[in-house]
$ cat coords.cif   # mmCIF, C-alpha atoms and all ligand atoms
data_coords
#
loop_
_atom_site.label_atom_id
_atom_site.label_comp_id
_atom_site.auth_asym_id
_atom_site.auth_seq_id
_atom_site.Cartn_x
_atom_site.Cartn_y
_atom_site.Cartn_z
CA MET A 1245 -218.10 191.15 -38.62
CA SER A 1246 -218.28 189.24 -35.34
CA SER A 1247 -221.54 189.18 -33.43
CA PRO A 1248 -221.65 190.39 -29.81
CA ALA A 1249 -221.72 186.75 -28.66
CA ASP A 1250 -218.24 186.26 -30.18
CA TYR A 1251 -216.71 189.23 -28.41
CA GLY A 1252 -214.10 188.64 -25.72
CA ASP A 1253 -214.76 189.07 -22.01
CA SER A 1254 -213.45 192.61 -21.73
CA THR A 1255 -215.46 193.83 -24.73
CA ARG A 1256 -218.58 192.17 -23.35
CA SER A 1257 -218.05 193.62 -19.85
CA VAL A 1258 -217.40 197.14 -21.15
CA HIS A 1259 -220.53 197.16 -23.33
CA ALA A 1260 -222.91 195.06 -21.24
CA GLY A 1261 -226.26 196.75 -20.74
CA LEU A 1262 -225.30 200.14 -22.21
CA PRO A 1263 -227.86 201.98 -24.37
CA GLU A 1264 -227.86 200.71 -27.97
CA ALA A 1265 -227.94 204.15 -29.54
CA ALA A 1266 -224.93 206.43 -29.02
CA LEU A 1267 -226.86 209.68 -28.75
CA PRO A 1268 -224.90 212.94 -28.93
CA GLY A 1269 -224.91 214.71 -25.60
CA GLN A 1270 -225.82 211.60 -23.63
CA PRO A 1271 -223.45 209.84 -21.18
CA PHE A 1272 -222.12 206.35 -21.92
CA LEU A 1273 -223.95 205.02 -18.87
CA PRO A 1274 -227.07 207.02 -17.95
CA GLY A 1275 -227.06 208.24 -14.34
CA PRO A 1276 -229.19 206.76 -11.58
CA VAL A 1277 -232.93 207.37 -11.77
CA PHE A 1278 -234.11 208.27 -8.28
CA ALA A 1279 -237.86 207.80 -7.89
CA ALA A 1280 -240.39 206.49 -5.43
CA PRO A 1281 -243.46 207.37 -7.54
CA TYR A 1282 -243.15 208.56 -11.15
CA HIS A 1283 -245.60 211.00 -12.76
CA LEU A 1284 -248.71 209.26 -14.02
CA ASP A 1285 -250.94 210.45 -16.82
CA PRO A 1286 -253.60 212.31 -14.82
CA VAL A 1287 -256.40 210.81 -16.84
CA ALA A 1288 -255.17 207.41 -18.12
CA GLY A 1289 -253.42 206.52 -14.84
CA PRO A 1290 -250.92 203.61 -14.80
CA GLN A 1291 -250.05 202.34 -18.28
CA ALA A 1292 -248.40 199.08 -19.28
CA GLY A 1293 -244.70 199.49 -19.98
CA VAL A 1294 -244.49 202.91 -18.33
CA ASP A 1295 -242.78 203.26 -14.96
CA GLY A 1296 -245.24 203.96 -12.16
CA TYR A 1297 -243.65 203.07 -8.84
CA GLY A 1298 -240.03 202.55 -7.76
CA ARG A 1299 -240.27 199.11 -6.14
CA PRO A 1300 -241.21 197.23 -9.31
CA ASP A 1301 -239.97 199.86 -11.81
CA ASN A 1302 -236.52 201.37 -12.10
CA ALA A 1303 -234.59 202.03 -15.31
CA THR A 1304 -231.15 201.97 -13.64
CA ARG A 1305 -231.86 198.55 -12.17
CA ARG A 1306 -233.16 197.27 -15.51
CA ALA A 1307 -229.95 198.37 -17.25
CA LEU A 1308 -227.85 196.50 -14.68
CA GLU A 1309 -230.05 193.42 -15.08
CA THR A 1310 -229.54 193.54 -18.85
CA ALA A 1311 -225.78 193.72 -18.29
CA ILE A 1312 -225.51 190.85 -15.79
CA GLY A 1313 -227.98 188.82 -17.85
CA GLU A 1314 -225.73 189.22 -20.90
CA LEU A 1315 -222.70 188.02 -18.96
CA GLU A 1316 -224.42 185.04 -17.28
CA GLY A 1317 -226.44 184.11 -20.37
CA GLY A 1318 -229.93 184.38 -18.86
CA GLU A 1319 -232.55 186.72 -17.47
CA CYS A 1320 -231.31 188.56 -14.39
CA VAL A 1321 -233.29 189.65 -11.33
CA THR A 1322 -231.29 191.82 -8.95
CA PHE A 1323 -231.84 191.91 -5.20
CA ALA A 1324 -230.84 194.15 -2.30
CA SER A 1325 -228.09 191.67 -1.31
CA GLY A 1326 -226.67 188.27 -2.13
CA MET A 1327 -228.62 186.76 0.76
CA ALA A 1328 -231.86 188.29 -0.56
CA ALA A 1329 -231.18 186.40 -3.83
CA VAL A 1330 -230.21 183.15 -2.09
CA SER A 1331 -233.22 183.28 0.25
CA ALA A 1332 -235.54 184.11 -2.68
CA ALA A 1333 -234.33 180.98 -4.49
CA LEU A 1334 -234.87 178.83 -1.39
CA LEU A 1335 -238.21 180.32 -0.36
CA THR A 1336 -239.74 180.22 -3.86
CA GLN A 1337 -238.69 176.60 -4.45
CA ALA A 1338 -238.81 174.69 -1.18
CA ARG A 1339 -242.19 173.66 0.22
CA PRO A 1340 -242.87 171.71 3.43
CA GLY A 1341 -242.16 168.04 2.69
CA ASP A 1342 -239.41 168.87 0.17
CA ALA A 1343 -235.71 168.23 0.59
CA VAL A 1344 -233.02 170.74 -0.35
CA LEU A 1345 -229.36 169.83 -0.76
CA LEU A 1346 -226.79 172.46 0.23
CA PRO A 1347 -222.98 172.51 0.38
CA ALA A 1348 -221.61 171.56 3.80
CA ASP A 1349 -218.59 173.80 3.18
CA GLY A 1350 -220.19 176.79 1.43
CA TYR A 1351 -221.17 180.26 2.62
CA PHE A 1352 -222.26 179.58 6.22
CA LEU A 1353 -225.27 181.92 6.24
CA THR A 1354 -226.95 180.03 3.37
CA ARG A 1355 -226.76 176.88 5.46
CA SER A 1356 -227.89 178.44 8.74
CA PHE A 1357 -230.69 180.41 7.05
CA ALA A 1358 -232.04 177.26 5.41
CA GLN A 1359 -231.82 175.25 8.62
CA GLU A 1360 -233.66 177.88 10.63
CA SER A 1361 -236.15 179.39 8.19
CA LEU A 1362 -237.60 176.59 6.07
CA PRO A 1363 -240.01 174.78 8.38
CA GLY A 1364 -240.89 171.27 7.22
CA VAL A 1365 -238.09 171.24 4.63
CA THR A 1366 -235.38 168.62 5.05
CA ILE A 1367 -231.94 170.18 4.65
CA LEU A 1368 -229.31 167.76 3.35
CA LEU A 1369 -225.64 168.72 3.35
CA ALA A 1370 -222.89 167.39 1.11
CA PRO A 1371 -219.25 168.46 0.84
CA THR A 1372 -218.59 170.31 -2.43
CA ALA A 1373 -215.91 167.80 -3.42
CA GLY A 1374 -218.41 164.96 -2.78
CA PRO A 1375 -219.48 162.29 -2.21
CA TYR A 1376 -223.07 163.38 -3.02
CA PRO A 1377 -226.07 161.40 -1.74
CA SER A 1378 -228.89 160.24 -4.02
CA PHE A 1379 -230.96 163.17 -5.34
CA GLU A 1380 -234.19 161.13 -5.11
CA GLY A 1381 -236.88 163.29 -3.48
CA VAL A 1382 -234.71 166.41 -3.58
CA ARG A 1383 -236.47 169.52 -4.91
CA LEU A 1384 -233.47 171.85 -5.17
CA VAL A 1385 -229.72 171.21 -5.30
CA LEU A 1386 -227.70 174.34 -4.55
CA LEU A 1387 -223.99 174.13 -5.35
CA GLU A 1388 -221.30 176.63 -4.52
CA THR A 1389 -218.16 176.20 -6.59
CA PRO A 1390 -215.45 177.09 -5.76
CA ALA A 1391 -216.83 176.80 -2.23
CA ASN A 1392 -216.19 179.68 0.14
CA PRO A 1393 -213.80 179.54 2.00
CA GLY A 1394 -212.32 176.04 1.37
CA LEU A 1395 -212.16 176.44 -2.46
CA ASP A 1396 -213.19 172.91 -3.40
CA VAL A 1397 -214.69 172.68 -6.89
CA CYS A 1398 -217.42 170.35 -8.17
CA ASP A 1399 -218.50 169.26 -11.65
CA ILE A 1400 -221.58 171.39 -12.44
CA ALA A 1401 -222.52 169.59 -15.69
CA SER A 1402 -222.49 166.11 -14.21
CA LEU A 1403 -224.37 167.16 -11.04
CA ALA A 1404 -226.91 169.02 -13.21
CA SER A 1405 -227.69 165.87 -15.17
CA ARG A 1406 -227.99 163.87 -11.96
CA ALA A 1407 -230.32 166.50 -10.50
CA HIS A 1408 -232.47 166.64 -13.62
CA ALA A 1409 -232.72 162.84 -13.76
CA ALA A 1410 -234.16 162.96 -10.22
CA GLY A 1411 -236.55 165.81 -11.09
CA ALA A 1412 -234.59 168.37 -9.05
CA LEU A 1413 -233.66 171.91 -9.97
CA LEU A 1414 -229.95 172.77 -9.96
CA ALA A 1415 -228.80 176.18 -8.71
CA VAL A 1416 -225.22 177.44 -8.44
CA ASP A 1417 -223.94 180.22 -6.19
CA ASN A 1418 -221.61 181.97 -8.65
CA THR A 1419 -220.33 184.67 -6.26
CA THR A 1420 -216.68 183.66 -6.10
CA PRO A 1421 -215.96 183.05 -9.81
CA THR A 1422 -218.32 185.71 -11.32
CA PRO A 1423 -219.80 185.07 -14.79
CA LEU A 1424 -216.39 185.68 -16.38
CA GLY A 1425 -214.94 182.83 -14.33
CA GLN A 1426 -217.75 180.36 -14.88
CA ARG A 1427 -221.10 180.27 -16.66
CA PRO A 1428 -223.24 177.74 -14.79
CA LEU A 1429 -226.30 178.16 -17.06
CA GLU A 1430 -224.22 176.96 -20.04
CA LEU A 1431 -223.11 173.97 -17.96
CA GLY A 1432 -226.71 172.89 -17.37
CA ALA A 1433 -227.69 174.78 -14.20
CA ASP A 1434 -231.28 176.05 -14.01
CA LEU A 1435 -230.47 178.99 -11.80
CA VAL A 1436 -227.54 181.15 -10.72
CA VAL A 1437 -227.63 183.05 -7.45
CA ALA A 1438 -224.84 185.37 -6.37
CA SER A 1439 -223.65 188.22 -4.26
CA ALA A 1440 -222.59 191.17 -6.41
CA SER A 1441 -221.00 192.72 -3.30
CA LYS A 1442 -217.75 190.81 -3.94
CA ALA A 1443 -215.62 190.40 -7.08
CA LEU A 1444 -218.35 191.22 -9.61
CA THR A 1445 -218.42 194.87 -8.58
CA GLY A 1446 -215.02 194.74 -6.85
CA HIS A 1447 -214.75 198.14 -5.15
CA SER A 1448 -215.90 197.13 -1.65
CA ASP A 1449 -218.49 199.90 -1.69
CA LEU A 1450 -221.90 198.27 -2.13
CA ILE A 1451 -224.19 195.39 -1.16
CA LEU A 1452 -226.18 193.80 -3.98
CA GLY A 1453 -227.25 190.36 -5.22
CA TYR A 1454 -228.84 188.70 -8.22
CA ALA A 1455 -230.42 185.58 -9.60
CA CYS A 1456 -230.19 184.54 -13.26
CA THR A 1457 -232.07 181.91 -15.24
CA ALA A 1458 -232.88 181.06 -18.83
CA ASP A 1459 -236.33 179.82 -17.74
CA PRO A 1460 -238.85 182.69 -18.13
CA GLU A 1461 -241.29 181.12 -15.65
CA LEU A 1462 -238.62 180.86 -12.96
CA ALA A 1463 -237.55 184.45 -13.64
CA ALA A 1464 -241.17 185.68 -13.40
CA ARG A 1465 -241.59 183.86 -10.08
CA LEU A 1466 -238.43 185.45 -8.65
CA ARG A 1467 -239.49 188.87 -9.89
CA ALA A 1468 -242.94 188.48 -8.31
CA TRP A 1469 -241.29 187.29 -5.08
CA ARG A 1470 -239.02 190.33 -5.09
CA SER A 1471 -241.90 192.73 -5.64
CA GLY A 1472 -243.92 191.05 -2.91
CA THR A 1473 -241.16 190.89 -0.31
CA GLY A 1474 -239.64 194.20 -1.38
CA GLY A 1475 -235.92 193.37 -1.32
CA VAL A 1476 -234.96 195.63 -4.25
CA PRO A 1477 -231.55 197.27 -4.65
CA GLY A 1478 -231.46 201.07 -4.68
CA PRO A 1479 -230.75 202.93 -7.91
CA PHE A 1480 -227.41 204.28 -6.70
CA GLU A 1481 -226.12 200.79 -5.84
CA ALA A 1482 -227.37 199.51 -9.19
CA TRP A 1483 -225.62 202.33 -11.02
CA LEU A 1484 -222.34 201.87 -9.10
CA ALA A 1485 -222.44 198.15 -9.84
CA HIS A 1486 -223.02 198.77 -13.55
CA ARG A 1487 -220.25 201.37 -13.62
CA SER A 1488 -217.87 198.78 -12.10
CA LEU A 1489 -218.57 196.00 -14.61
CA GLY A 1490 -216.42 197.51 -17.36
CA THR A 1491 -213.21 196.71 -15.46
CA LEU A 1492 -214.25 193.21 -14.38
CA ASP A 1493 -212.01 191.39 -16.84
CA LEU A 1494 -208.98 193.55 -15.95
CA ARG A 1495 -209.54 193.20 -12.22
CA LEU A 1496 -209.97 189.44 -12.36
CA ALA A 1497 -206.88 189.02 -14.51
CA ARG A 1498 -204.65 190.86 -12.02
CA GLN A 1499 -206.29 189.24 -8.98
CA SER A 1500 -205.74 185.81 -10.48
CA GLU A 1501 -202.13 186.61 -11.38
CA ASN A 1502 -201.50 187.81 -7.82
CA ALA A 1503 -203.14 184.70 -6.37
CA ALA A 1504 -200.89 182.44 -8.47
CA ALA A 1505 -197.74 184.16 -7.18
CA ILE A 1506 -198.94 184.25 -3.56
CA ALA A 1507 -200.06 180.61 -3.55
CA ASP A 1508 -196.58 179.63 -4.77
CA LEU A 1509 -194.96 181.80 -2.11
CA LEU A 1510 -197.16 180.40 0.69
CA ALA A 1511 -196.63 176.79 -0.38
CA GLY A 1512 -192.87 177.20 0.09
CA ARG A 1513 -193.05 178.66 3.61
CA PRO A 1514 -192.64 176.79 6.90
CA GLN A 1515 -195.59 177.27 9.32
CA VAL A 1516 -198.00 177.64 6.39
CA SER A 1517 -200.18 174.61 5.73
CA SER A 1518 -203.20 173.62 3.62
CA VAL A 1519 -202.59 176.22 0.88
CA ARG A 1520 -205.57 176.13 -1.48
CA TRP A 1521 -205.83 177.83 -4.85
CA PRO A 1522 -207.64 175.87 -7.56
CA GLY A 1523 -205.32 177.25 -10.28
CA ARG A 1524 -202.21 175.66 -8.76
CA PRO A 1525 -201.11 172.31 -10.21
CA GLY A 1526 -201.35 169.77 -7.41
CA ASP A 1527 -204.32 171.50 -5.74
CA PRO A 1528 -207.12 168.94 -5.14
CA SER A 1529 -209.44 171.11 -7.31
CA TYR A 1530 -206.91 171.86 -10.06
CA GLU A 1531 -208.08 169.33 -12.64
CA ILE A 1532 -211.80 170.00 -12.46
CA ALA A 1533 -211.27 173.78 -12.18
CA SER A 1534 -209.04 173.75 -15.30
CA ARG A 1535 -211.73 171.92 -17.26
CA GLN A 1536 -214.75 173.83 -15.99
CA MET A 1537 -213.64 177.36 -15.20
CA ARG A 1538 -212.76 180.13 -17.60
CA ARG A 1539 -210.47 181.77 -15.05
CA ILE A 1540 -209.53 181.14 -11.42
CA PRO A 1541 -210.55 183.68 -8.77
CA GLY A 1542 -208.02 185.65 -6.74
CA ILE A 1543 -208.75 183.94 -3.42
CA VAL A 1544 -206.13 181.86 -1.62
CA THR A 1545 -206.93 179.98 1.59
CA PHE A 1546 -204.17 178.84 3.94
CA THR A 1547 -203.63 177.97 7.58
CA LEU A 1548 -201.13 179.35 10.10
CA PRO A 1549 -200.42 177.44 13.34
CA SER A 1550 -202.58 179.64 15.63
CA LYS A 1551 -204.63 182.80 16.05
CA ALA A 1552 -201.49 184.49 17.47
CA HIS A 1553 -199.64 183.78 14.20
CA VAL A 1554 -202.47 185.32 12.16
CA ASP A 1555 -202.54 188.35 14.48
CA ALA A 1556 -198.78 188.87 14.00
CA PHE A 1557 -199.07 188.34 10.24
CA LEU A 1558 -201.89 190.88 9.80
CA THR A 1559 -200.28 193.41 12.14
CA ALA A 1560 -196.96 193.25 10.29
CA SER A 1561 -198.42 193.48 6.77
CA ARG A 1562 -198.61 196.96 5.29
CA LEU A 1563 -200.70 196.06 2.26
CA ILE A 1564 -203.22 193.52 3.56
CA ALA A 1565 -206.34 195.00 5.12
CA ALA A 1566 -207.99 192.92 7.83
CA ALA A 1567 -211.49 192.65 6.43
CA THR A 1568 -214.13 190.13 5.59
CA SER A 1569 -215.72 189.90 2.15
CA PHE A 1570 -213.45 189.43 -0.88
CA GLY A 1571 -212.94 190.23 -4.53
CA GLY A 1572 -212.10 193.94 -4.05
CA LEU A 1573 -209.34 196.12 -5.44
CA HIS A 1574 -207.50 196.05 -2.11
CA THR A 1575 -205.87 192.88 -0.88
CA SER A 1576 -207.60 191.77 2.31
CA ALA A 1577 -207.52 188.84 4.67
CA ASP A 1578 -210.10 187.29 6.94
CA ARG A 1579 -209.53 184.85 9.79
CA ARG A 1580 -212.73 182.90 9.30
CA ALA A 1581 -212.97 181.43 12.82
CA GLN A 1582 -213.62 184.93 14.22
CA TRP A 1583 -217.06 184.84 12.54
CA GLY A 1584 -218.06 181.56 14.15
CA ASP A 1585 -217.28 179.50 11.02
CA ASP A 1586 -216.25 175.99 11.97
CA ALA A 1587 -212.81 176.70 10.44
CA PRO A 1588 -209.45 176.10 12.18
CA GLU A 1589 -208.35 179.07 14.37
CA GLY A 1590 -205.44 179.88 12.03
CA LEU A 1591 -207.32 179.60 8.72
CA VAL A 1592 -206.96 182.73 6.58
CA ARG A 1593 -208.92 183.56 3.45
CA LEU A 1594 -206.73 185.93 1.50
CA SER A 1595 -208.42 187.99 -1.20
CA CYS A 1596 -205.86 189.25 -3.69
CA GLY A 1597 -206.43 192.78 -4.93
CA VAL A 1598 -205.03 194.49 -8.00
CA GLU A 1599 -201.80 195.82 -6.47
CA ASP A 1600 -198.48 195.05 -8.20
CA THR A 1601 -197.54 191.41 -7.73
CA ARG A 1602 -194.01 192.12 -6.60
CA ASP A 1603 -195.19 194.54 -3.89
CA LEU A 1604 -197.61 191.97 -2.51
CA VAL A 1605 -195.02 189.18 -2.60
CA ALA A 1606 -192.50 191.36 -0.74
CA ASP A 1607 -195.09 192.48 1.82
CA ILE A 1608 -196.39 188.98 2.50
CA THR A 1609 -192.86 187.59 2.76
CA ALA A 1610 -192.02 190.22 5.40
CA ALA A 1611 -195.30 189.64 7.28
CA LEU A 1612 -194.71 185.86 7.37
CA ASP A 1613 -191.17 186.50 8.66
CA ALA A 1614 -192.67 188.62 11.45
CA ALA A 1615 -195.21 185.89 12.29
CA ALA A 1616 -192.49 183.23 12.31
CA VAL A 1617 -191.13 184.46 15.65
CA VAL A 1618 -194.45 183.71 17.39
CA PRO A 1619 -193.92 180.63 19.56
CA GLY A 1620 -195.72 177.39 18.72
CA THR A 1621 -196.04 175.45 15.51
C1 LIG A 1701 -221.11 187.04 0.47
C2 LIG A 1701 -221.75 185.83 -0.07
C3 LIG A 1701 -223.12 185.68 -0.08
C4 LIG A 1701 -224.05 186.73 0.52
O1 LIG A 1701 -223.96 187.94 -0.17
P1 LIG A 1701 -224.33 189.37 0.50
O2 LIG A 1701 -224.25 190.30 -0.67
O3 LIG A 1701 -223.31 189.61 1.55
O4 LIG A 1701 -225.69 189.24 1.06
C5 LIG A 1701 -223.67 184.54 -0.64
N1 LIG A 1701 -222.88 183.58 -1.15
C6 LIG A 1701 -221.53 183.67 -1.13
C7 LIG A 1701 -220.71 182.57 -1.71
C8 LIG A 1701 -220.92 184.79 -0.59
O5 LIG A 1701 -219.60 184.88 -0.56
#
$ encode --input "coords.cif" --output "structure tokens"
Amino acid sequence: MSSPADYGDSTRSVHAGLPEAALPGQPFLPGPVFAAPYHLDPVAGPQAGVDGYGRPDNATRRALETAIGELEGGECVTFASGMAAVSAALLTQARPGDAVLLPADGYFLTRSFAQESLPGVTILLAPTAGPYPSFEGVRLVLLETPANPGLDVCDIASLASRAHAAGALLAVDNTTPTPLGQRPLELGADLVVASASKALTGHSDLILGYACTADPELAARLRAWRSGTGGVPGPFEAWLAHRSLGTLDLRLARQSENAAAIADLLAGRPQVSSVRWPGRPGDPSYEIASRQMRRIPGIVTFTLPSKAHVDAFLTASRLIAAATSFGGLHTSADRRAQWGDDAPEGLVRLSCGVEDTRDLVADITAALDAAAVVPGT
């Protein structure tokens, strides 16, 4: 008999965080518990281990935390959004006088938040692909791999040992790969932070974030921070997220398959440059991603000659939704420069959904043909 730890990804995702006992008449996943206050014993008042108030106590949220914790391999603390988790990690760790190292090419809000909201903290930036500066005097190293949107990958295990040798904590933003794509805690990271609004939940219908760690003290600190600052997810979001986890393996498999086909298609087209997908042989991140990652996410980044080319491409496509975010069921594309990212005007982050590969390939081929008549190269 295999133990749960030996189960495959789909089995683990389907069962993660569900009640142990299969009780007749009960649903597989209990419904959301909606409560601000709960009934107290009128005489004994609040009692340890019994839910009293909704900000610290919610059974639906706890079930989701058990599930994500099982997949990441640590204790999970969920937050109202990915940024609530990222900012909790930064604000609980960095003190005036400390230095924090962030990716120069990662999620732009993490960078701008840190630069604006951590007075007295020195913010160092390094490109995900390196080179990295000395970690001497650094309190927290936050990696994002693959980095969003450029998709460079870094070696978590080797950077974790370098960080630990310098007395720094190593955190990884695991949003893009999800815990089925990469398990940073097993690779030596102290902390995972992530947005669950993207591929983890995958239906483009909720905002949620989490942090995960195998260090109980760090987890307790994050939990206390969350209770104090109040950035808790609502029970309905937590329930929707948990409900979505069961299909994670299936969704990622199709998204990755679609990305492979689309990256090949894009690489063979005139007017398309800088195609990046870490699963494609020849991609600058291919080797390290193949060694480190358990699967490659369904995101492809590429560049068209101008904004006008992207406009024509998105207008002509019948299957690609113009939308930011990524990791959902529906294929979507985002011209990053429109958000003020310092990306080239024609850079597109394409998030492959779970549609049939041949439909996407045909649609994208036709949309590129339509964009090809736009003047300029
Ligand atoms: C989206 C995203 C975040 C922020 O998550 P929200 O849920 O939108 O707050 C953080 N990191 C990365 C890599 C992201 O893509």
$ residues_near_ligand --input "coords.cif" --ligand "ligand LIG 1701 (chain A)" --cutoff "10 Å" --atoms "only C-alpha atoms and all ligand atoms" --output "ChimeraX atom specification"
/A:1323-1331,1350-1354,1387-1393,1416-1421,1437-1443,1450-1454,1568-1571
$ write_last_selection --input "coords.cif" --atoms "C-alpha atoms" --output "compact mmCIF listing (two decimals), in the coordinates of the input"
# COMPACT_ATOMS: atom_id res chain seq x y z
CA PHE A 1323 -231.84 191.91 -5.20
CA ALA A 1324 -230.84 194.15 -2.30
CA SER A 1325 -228.09 191.67 -1.31
CA GLY A 1326 -226.67 188.27 -2.13
CA MET A 1327 -228.62 186.76 0.76
CA ALA A 1328 -231.86 188.29 -0.56
CA ALA A 1329 -231.18 186.40 -3.83
CA VAL A 1330 -230.21 183.15 -2.09
CA SER A 1331 -233.22 183.28 0.25
CA GLY A 1350 -220.19 176.79 1.43
CA TYR A 1351 -221.17 180.26 2.62
CA PHE A 1352 -222.26 179.58 6.22
CA LEU A 1353 -225.27 181.92 6.24
CA THR A 1354 -226.95 180.03 3.37
CA LEU A 1387 -223.99 174.13 -5.35
CA GLU A 1388 -221.30 176.63 -4.52
CA THR A 1389 -218.16 176.20 -6.59
CA PRO A 1390 -215.45 177.09 -5.76
CA ALA A 1391 -216.83 176.80 -2.23
CA ASN A 1392 -216.19 179.68 0.14
CA PRO A 1393 -213.80 179.54 2.00
CA VAL A 1416 -225.22 177.44 -8.44
CA ASP A 1417 -223.94 180.22 -6.19
CA ASN A 1418 -221.61 181.97 -8.65
CA THR A 1419 -220.33 184.67 -6.26
CA THR A 1420 -216.68 183.66 -6.10
CA PRO A 1421 -215.96 183.05 -9.81
CA VAL A 1437 -227.63 183.05 -7.45
CA ALA A 1438 -224.84 185.37 -6.37
CA SER A 1439 -223.65 188.22 -4.26
CA ALA A 1440 -222.59 191.17 -6.41
CA SER A 1441 -221.00 192.72 -3.30
CA LYS A 1442 -217.75 190.81 -3.94
CA ALA A 1443 -215.62 190.40 -7.08
CA LEU A 1450 -221.90 198.27 -2.13
CA ILE A 1451 -224.19 195.39 -1.16
CA LEU A 1452 -226.18 193.80 -3.98
CA GLY A 1453 -227.25 190.36 -5.22
CA TYR A 1454 -228.84 188.70 -8.22
CA THR A 1568 -214.13 190.13 5.59
CA SER A 1569 -215.72 189.90 2.15
CA PHE A 1570 -213.45 189.43 -0.88
CA GLY A 1571 -212.94 190.23 -4.53
$ closest_residue --input "coords.cif" --among "A:Leu1424, A:Trp1521, A:Asp1349, A:Thr1457" --to "Leu1492 of chain A" --atoms "only C-alpha atoms"
A:Leu1424
$ closest_residue --input "coords.cif" --among "A:Tyr1251, A:Trp1583, A:Tyr1530, A:Trp1483" --to "Ala1311 of chain A" --atoms "only C-alpha atoms"
A:Trp1483
$ atom_distance --input "coords.cif" --atom1 "atom CA of Ala1279 of chain A" --atom2 "atom CA of Pro1479 of chain A"
8.6 Å
$ residues_around --input "coords.cif" --residues "Val1592 of chain A" --least-positions-apart "2" --cutoff "9 Å" --atoms "only C-alpha atoms" --output "list in words"
Pro1393, Val1544, Thr1545, Phe1546, Thr1547, Leu1548, Val1554, Ala1577, Asp1578, Arg1579, Arg1580, Ala1581, Glu1589, Gly1590 and Leu1594 of chain A
$ residues_around --input "coords.cif" --residues "Ala1249 of chain A" --least-positions-apart "2" --cutoff "12 Å" --atoms "only C-alpha atoms" --output "list of chain:residue names"
A:Met1245, A:Ser1246, A:Ser1247, A:Tyr1251, A:Gly1252, A:Asp1253, A:Thr1255, A:Arg1256, A:Ser1257, A:His1259, A:Ala1260, A:Glu1314, A:Leu1315, A:Glu1316, A:Gly1317
$ atom_distance --input "coords.cif" --atom1 "atom CA of Ser1361 of chain A" --atom2 "atom CA of Leu1413 of chain A"
19.8 Å
$ closest_residue --input "coords.cif" --among "A:Ala1615, A:Leu1273, A:Leu1466, A:Val1516" --to "Leu1308 of chain A" --atoms "only C-alpha atoms"
A:Leu1273
$ closest_residue --input "coords.cif" --among "A:Val1382, A:Ala1503, A:Val1605, A:Ala1292" --to "Gln1337 of chain A" --atoms "all atoms listed in the file"
A:Val1382
$ residues_around --input "coords.cif" --residues "Pro1371 of chain A" --least-positions-apart "2" --cutoff "8 Å" --atoms "all atoms listed in the file" --output "PyMOL selection string"
chain A and resi 1347-1349+1369+1373-1376
$ closest_residue --input "coords.cif" --among "A:Ser1529, A:Ser1534, A:Thr1336, A:Ser1402" --to "Leu1384 of chain A" --atoms "only C-alpha atoms"
A:Thr1336
